[in-house]
>>> print(open('run.cif').read())   # mmCIF, C-alpha atoms
data_my_file
loop_
_atom_site.label_atom_id
_atom_site.label_comp_id
_atom_site.auth_asym_id
_atom_site.auth_seq_id
_atom_site.Cartn_x
_atom_site.Cartn_y
_atom_site.Cartn_z
CA MET A 1 159.62 136.45 25.33
CA PRO A 2 158.58 134.62 22.13
CA THR A 3 155.01 134.93 20.96
CA PRO A 4 153.12 131.66 21.57
CA THR A 5 152.17 129.72 18.46
CA LEU A 6 148.43 129.50 17.99
CA GLY A 7 146.60 126.50 16.61
CA THR A 8 144.46 126.49 13.48
CA LEU A 9 140.68 126.10 13.47
CA TYR A 10 139.67 123.87 10.55
CA LEU A 11 136.01 123.98 9.48
CA ILE A 12 135.39 120.34 8.57
CA PRO A 13 132.52 119.55 6.16
CA VAL A 14 130.65 116.25 6.48
CA PRO A 15 128.18 114.38 4.25
CA LEU A 16 124.56 115.53 4.43
CA GLY A 17 123.15 112.10 5.22
CA ALA A 18 123.91 109.33 7.70
CA PRO A 19 127.59 108.52 8.40
CA ASP A 20 128.90 106.31 5.62
CA SER A 21 132.46 105.84 4.39
CA SER A 22 131.45 105.57 0.73
CA ALA A 23 129.39 108.78 0.99
CA ALA A 24 132.31 110.57 2.63
CA GLU A 25 134.69 109.52 -0.15
CA ALA A 26 132.13 110.47 -2.80
CA CYS A 27 131.26 113.99 -1.66
CA LEU A 28 134.27 115.25 0.33
CA PRO A 29 137.52 116.50 -1.25
CA ALA A 30 140.74 114.65 -0.50
CA ARG A 31 142.14 117.63 1.44
CA ALA A 32 139.18 117.70 3.83
CA LEU A 33 139.52 113.99 4.50
CA ALA A 34 143.30 114.22 4.89
CA ILE A 35 143.13 117.04 7.44
CA THR A 36 140.38 115.29 9.40
CA ARG A 37 142.62 112.23 9.68
CA THR A 38 145.40 114.27 11.32
CA LEU A 39 143.37 116.08 13.99
CA ASP A 40 143.16 114.92 17.60
CA ARG A 41 140.62 117.45 18.86
CA PHE A 42 137.17 118.38 17.57
CA VAL A 43 134.31 120.72 18.50
CA VAL A 44 131.00 119.17 17.44
CA GLU A 45 127.24 119.56 17.84
CA ASN A 46 126.69 116.04 19.16
CA ALA A 47 129.56 113.80 20.26
CA LYS A 48 127.83 110.50 19.49
CA THR A 49 126.97 111.29 15.88
CA ALA A 50 130.30 113.07 15.36
CA ARG A 51 132.21 109.95 16.40
CA ALA A 52 130.27 107.93 13.84
CA MET A 53 130.97 110.56 11.17
CA ILE A 54 134.69 110.73 11.94
CA LYS A 55 134.84 106.93 11.85
CA ALA A 56 133.35 107.06 8.35
CA MET A 57 135.80 109.76 7.26
CA ALA A 58 138.88 108.37 9.03
CA PRO A 59 138.29 104.64 9.61
CA GLU A 60 141.87 104.07 10.75
CA ARG A 61 141.59 106.46 13.71
CA ALA A 62 141.07 105.25 17.26
CA ILE A 63 137.95 107.29 17.97
CA ARG A 64 138.15 106.91 21.76
CA GLU A 65 141.52 108.66 21.76
CA LEU A 66 140.12 111.83 20.17
CA ALA A 67 139.22 114.83 22.34
CA MET A 68 135.69 115.98 21.59
CA ASP A 69 133.84 119.01 22.98
CA GLU A 70 130.24 119.92 22.20
CA LEU A 71 128.97 123.26 20.90
CA ASN A 72 125.25 123.36 20.24
CA GLU A 73 122.14 125.43 20.94
CA HIS A 74 122.42 124.59 24.66
CA THR A 75 126.02 125.79 25.05
CA PRO A 76 126.20 128.96 27.19
CA PRO A 77 128.21 131.83 25.69
CA THR A 78 130.56 131.69 28.69
CA GLN A 79 131.79 128.27 27.56
CA ILE A 80 133.17 129.55 24.24
CA ALA A 81 136.37 130.61 26.00
CA GLU A 82 136.93 127.01 27.15
CA LEU A 83 136.47 125.74 23.58
CA LEU A 84 138.93 128.35 22.33
CA ALA A 85 141.61 127.53 24.93
CA PRO A 86 143.23 124.58 23.08
CA LEU A 87 143.67 126.78 20.00
CA LEU A 88 145.34 129.47 22.10
CA ALA A 89 147.63 126.77 23.51
CA GLY A 90 148.76 125.83 20.00
CA GLU A 91 146.55 122.82 19.27
CA ASP A 92 144.77 122.45 15.92
CA VAL A 93 141.00 121.89 16.21
CA GLY A 94 138.36 120.66 13.77
CA LEU A 95 134.89 122.21 13.92
CA MET A 96 132.09 119.95 12.63
CA SER A 97 128.35 120.42 12.12
CA GLU A 98 125.76 117.65 12.30
CA ALA A 99 125.51 117.75 8.51
CA GLY A 100 127.10 119.71 5.70
CA CYS A 101 129.27 122.76 6.29
CA PRO A 102 129.91 124.05 9.83
CA ALA A 103 129.06 127.60 10.91
CA VAL A 104 126.34 127.97 8.24
CA ALA A 105 122.94 127.81 9.95
CA ASP A 106 124.96 126.25 12.74
CA PRO A 107 126.04 127.30 16.28
CA GLY A 108 129.69 126.69 15.36
CA ALA A 109 129.81 130.28 14.09
CA LEU A 110 130.26 131.36 17.73
CA LEU A 111 133.62 129.61 17.93
CA VAL A 112 134.68 130.98 14.54
CA GLU A 113 133.88 134.50 15.73
CA ALA A 114 135.91 133.98 18.91
CA ALA A 115 138.82 132.58 16.90
CA HIS A 116 138.95 135.69 14.73
CA ARG A 117 138.92 137.95 17.80
CA ALA A 118 141.84 135.98 19.25
CA GLY A 119 143.87 136.06 16.05
CA VAL A 120 143.52 132.32 15.43
CA ARG A 121 143.81 131.19 11.82
CA VAL A 122 140.49 129.92 10.44
CA VAL A 123 140.52 127.51 7.46
CA PRO A 124 137.14 126.62 5.87
CA LEU A 125 137.30 123.38 3.88
CA VAL A 126 135.19 122.60 0.83
CA GLY A 127 132.16 120.36 1.27
CA PRO A 128 128.42 120.00 0.63
CA SER A 129 126.03 122.77 1.71
CA SER A 130 122.35 121.98 1.23
CA ILE A 131 121.61 125.71 1.09
CA LEU A 132 123.97 126.42 -1.79
CA LEU A 133 123.09 123.19 -3.59
CA ALA A 134 119.41 124.16 -3.45
CA VAL A 135 120.11 127.65 -4.83
CA MET A 136 122.33 126.17 -7.54
CA GLY A 137 119.67 123.70 -8.64
CA SER A 138 116.66 125.99 -8.30
CA GLY A 139 117.07 128.14 -11.41
CA LEU A 140 116.22 131.13 -9.19
CA SER A 141 118.49 134.07 -8.44
CA GLY A 142 122.01 133.03 -7.52
CA GLN A 143 123.13 136.66 -7.84
CA ARG A 144 120.95 137.92 -5.02
CA PHE A 145 119.53 135.65 -2.34
CA ALA A 146 119.03 135.55 1.42
CA PHE A 147 118.91 132.66 3.86
CA HIS A 148 116.34 133.03 6.66
CA GLY A 149 116.73 129.79 8.61
CA TYR A 150 113.51 128.52 10.18
CA LEU A 151 110.24 130.39 9.66
CA PRO A 152 107.73 130.75 12.52
CA ALA A 153 105.91 127.51 13.31
CA LYS A 154 102.57 129.09 14.27
CA GLY A 155 100.07 129.50 11.44
CA GLU A 156 99.40 133.24 11.51
CA GLU A 157 103.03 134.17 12.14
CA ARG A 158 104.20 131.83 9.38
CA THR A 159 101.68 133.28 6.92
CA ARG A 160 102.83 136.81 7.75
CA ALA A 161 106.48 135.78 7.31
CA LEU A 162 105.78 134.22 3.91
CA ARG A 163 103.95 137.32 2.72
CA ASP A 164 106.85 139.50 3.86
CA LEU A 165 109.40 137.28 2.09
CA GLU A 166 107.34 137.25 -1.09
CA SER A 167 106.96 141.04 -1.02
CA ASP A 168 110.67 141.58 -0.40
CA SER A 169 111.54 139.14 -3.19
CA ARG A 170 109.32 140.98 -5.64
CA LYS A 171 110.77 144.39 -4.76
CA ALA A 172 114.44 143.40 -4.58
CA GLY A 173 114.59 140.59 -7.15
CA ARG A 174 115.92 138.36 -4.40
CA ALA A 175 115.52 134.61 -3.92
CA GLN A 176 114.46 133.70 -0.39
CA VAL A 177 115.89 130.51 1.13
CA PHE A 178 114.49 128.86 4.26
CA ILE A 179 114.16 125.50 5.99
CA GLU A 180 111.81 123.74 8.37
CA THR A 181 111.95 120.98 10.95
CA PRO A 182 111.45 117.86 8.79
CA TYR A 183 108.19 116.78 10.44
CA ARG A 184 106.68 120.20 9.62
CA ASN A 185 107.75 120.29 5.96
CA ALA A 186 104.32 119.34 4.64
CA ALA A 187 102.63 122.05 6.72
CA LEU A 188 105.05 124.65 5.35
CA PHE A 189 104.41 123.48 1.79
CA ASP A 190 100.64 123.79 2.35
CA ALA A 191 101.17 127.29 3.77
CA LEU A 192 103.11 128.28 0.66
CA LEU A 193 100.26 127.15 -1.57
CA ALA A 194 97.69 128.97 0.54
CA THR A 195 99.65 132.22 0.94
CA CYS A 196 101.75 133.00 -2.13
CA GLN A 197 100.70 134.38 -5.49
CA PRO A 198 100.19 131.90 -8.39
CA THR A 199 103.16 133.33 -10.33
CA THR A 200 105.63 133.04 -7.45
CA ARG A 201 108.19 130.31 -8.10
CA VAL A 202 109.15 127.85 -5.38
CA CYS A 203 111.91 125.24 -5.45
CA ILE A 204 111.64 122.18 -3.23
CA ALA A 205 115.04 120.53 -2.63
CA ARG A 206 114.70 117.32 -0.61
CA ASN A 207 117.47 115.09 0.77
CA LEU A 208 120.16 116.52 -1.48
CA THR A 209 123.09 114.18 -2.28
CA GLN A 210 121.11 111.20 -0.93
CA PRO A 211 119.69 108.25 -2.91
CA ASP A 212 116.17 109.73 -2.80
CA GLU A 213 117.34 113.24 -3.71
CA TRP A 214 114.52 115.23 -5.31
CA LEU A 215 114.56 118.82 -6.58
CA LYS A 216 111.92 120.68 -8.58
CA THR A 217 110.98 124.33 -9.24
CA ARG A 218 107.42 125.28 -10.15
CA THR A 219 105.13 128.29 -9.83
CA ILE A 220 102.63 128.15 -6.99
CA GLY A 221 99.90 127.80 -9.61
CA ALA A 222 101.65 124.74 -11.06
CA TRP A 223 102.34 123.22 -7.63
CA LYS A 224 98.62 123.35 -6.88
CA LYS A 225 97.95 121.11 -9.89
CA GLU A 226 100.56 118.50 -8.94
CA ARG A 227 100.55 115.76 -6.36
CA PRO A 228 102.26 117.11 -3.19
CA PRO A 229 105.88 115.95 -2.83
CA GLU A 230 106.75 113.52 -0.04
CA LEU A 231 108.54 115.72 2.46
CA GLU A 232 107.74 114.33 5.89
CA ARG A 233 110.82 113.69 8.04
CA ARG A 234 113.19 114.39 5.15
CA PRO A 235 115.61 117.34 5.24
CA THR A 236 114.30 119.93 2.77
CA VAL A 237 115.37 123.37 1.60
CA PHE A 238 112.76 125.79 0.19
CA VAL A 239 113.68 128.57 -2.27
CA LEU A 240 111.10 131.21 -3.20
CA GLN A 241 111.21 134.00 -5.78
CA ALA A 242 108.33 136.29 -6.67
CA SER A 243 107.74 137.74 -10.13
#
>>> encode(input="run.cif", output="structure tokens")
Amino acid sequence: MPTPTLGTLYLIPVPLGAPDSSAAEACLPARALAITRTLDRFVVENAKTARAMIKAMAPERAIRELAMDELNEHTPPTQIAELLAPLLAGEDVGLMSEAGCPAVADPGALLVEAAHRAGVRVVPLVGPSSILLAVMGSGLSGQRFAFHGYLPAKGEERTRALRDLESDSRKAGRAQVFIETPYRNAALFDALLATCQPTTRVCIARNLTQPDEWLKTRTIGAWKKERPPELERRPTVFVLQAS
């Protein structure tokens, strides 16, 4: 009995901002766009925004004819097998995040893990990652860094987390990368100023690749002397490195 042919799981990058055809052409490689335009099935975080993004990337496609399944923070682990089934049946599938590269700080990693266990070919495609762009532009350690996702929202827990990150950075020579829900960005920035040592360097990378992109690295001591950056409701990546 012949071995069934498995599909391929393509990890499809998308622009970091709102869906826009010019942005897609500007920041996504031709191969990523070409593959997206051939796929009929996608696994996405949110179907509504994914349809708008695919329309920007593949304007000639009839979006209503595409099969689209959701994988997000509310998806139960038991549903991963259902998302994997088309791949096992030989169908190619595109995995998309809400912004940037899928499976990085993204629940799509669960499907990628399942694909590897099942022997499905996984193909990551090149595209923008706000995390890597922030590290690249920070001037801080690109040789040794760690991404921590979201820090605790509560004041005391957040302060303790920042102190731990600063201490670890000082001992290991490691840059620490983290993010926050956009409406809490200003509170996190204030906590950095109140918690970290004056010589600790912090990079603020706001709305990368967008028209109001803004990126600056300063010591905590220098940040205290400057006017606070406008961060409210704007996607921001923070990079910290202690001396």
>>> residues_around(input="run.cif", residues="Ala103 in chain A", least_positions_apart="3", cutoff="10 Å", atoms="all atoms listed in the file", output="VMD selection string")
chain A and resid 11 to 13 95 to 97 100 106 to 113 124
>>> resolve_selection(input="run.cif", expression="the PyMOL selection byres ((chain A and resi 234) around 12)", output="VMD selection string")
chain A and resid 16 to 17 179 to 186 204 to 208 210 212 to 214 229 to 233 235 to 237
>>> resolve_selection(input="run.cif", expression="the PyMOL selection byres ((chain A and resi 152) around 12)", output="MDAnalysis selection string")
chainID A and resid 148:151 153:162 178:181 184 187:188 191
>>> write_last_selection(input="run.cif", atoms="C-alpha atoms", output="CSV table (one decimal), keeping the file's coordinate frame")
chain,number,residue,atom,x,y,z
A,148,HIS,CA,116.3,133.0,6.7
A,149,GLY,CA,116.7,129.8,8.6
A,150,TYR,CA,113.5,128.5,10.2
A,151,LEU,CA,110.2,130.4,9.7
A,153,ALA,CA,105.9,127.5,13.3
A,154,LYS,CA,102.6,129.1,14.3
A,155,GLY,CA,100.1,129.5,11.4
A,156,GLU,CA,99.4,133.2,11.5
A,157,GLU,CA,103.0,134.2,12.1
A,158,ARG,CA,104.2,131.8,9.4
A,159,THR,CA,101.7,133.3,6.9
A,160,ARG,CA,102.8,136.8,7.8
A,161,ALA,CA,106.5,135.8,7.3
A,162,LEU,CA,105.8,134.2,3.9
A,178,PHE,CA,114.5,128.9,4.3
A,179,ILE,CA,114.2,125.5,6.0
A,180,GLU,CA,111.8,123.7,8.4
A,181,THR,CA,112.0,121.0,11.0
A,184,ARG,CA,106.7,120.2,9.6
A,187,ALA,CA,102.6,122.0,6.7
A,188,LEU,CA,105.0,124.6,5.4
A,191,ALA,CA,101.2,127.3,3.8
>>> atom_distance(input="run.cif", atom1="CA of Leu39 in chain A", atom2="CA of Thr78 in chain A")
25.0 Å
>>> residues_around(input="run.cif", residues="Val239 in chain A", least_positions_apart="4", cutoff="6 Å", atoms="only C-alpha atoms", output="list in words")
Gln176, Val177, Val202 and Cys203 of chain A
>>> atom_distance(input="run.cif", atom1="CA of Ser169 in chain A", atom2="CA of Gly127 in chain A")
28.2 Å
>>> closest_residue(input="run.cif", among="A:Arg61, A:Leu84, A:Thr38, A:Asn72", to="Arg117 in chain A", atoms="all atoms listed in the file")
A:Leu84
>>> atom_distance(input="run.cif", atom1="CA of Gln197 in chain A", atom2="CA of Ala105 in chain A")
27.9 Å
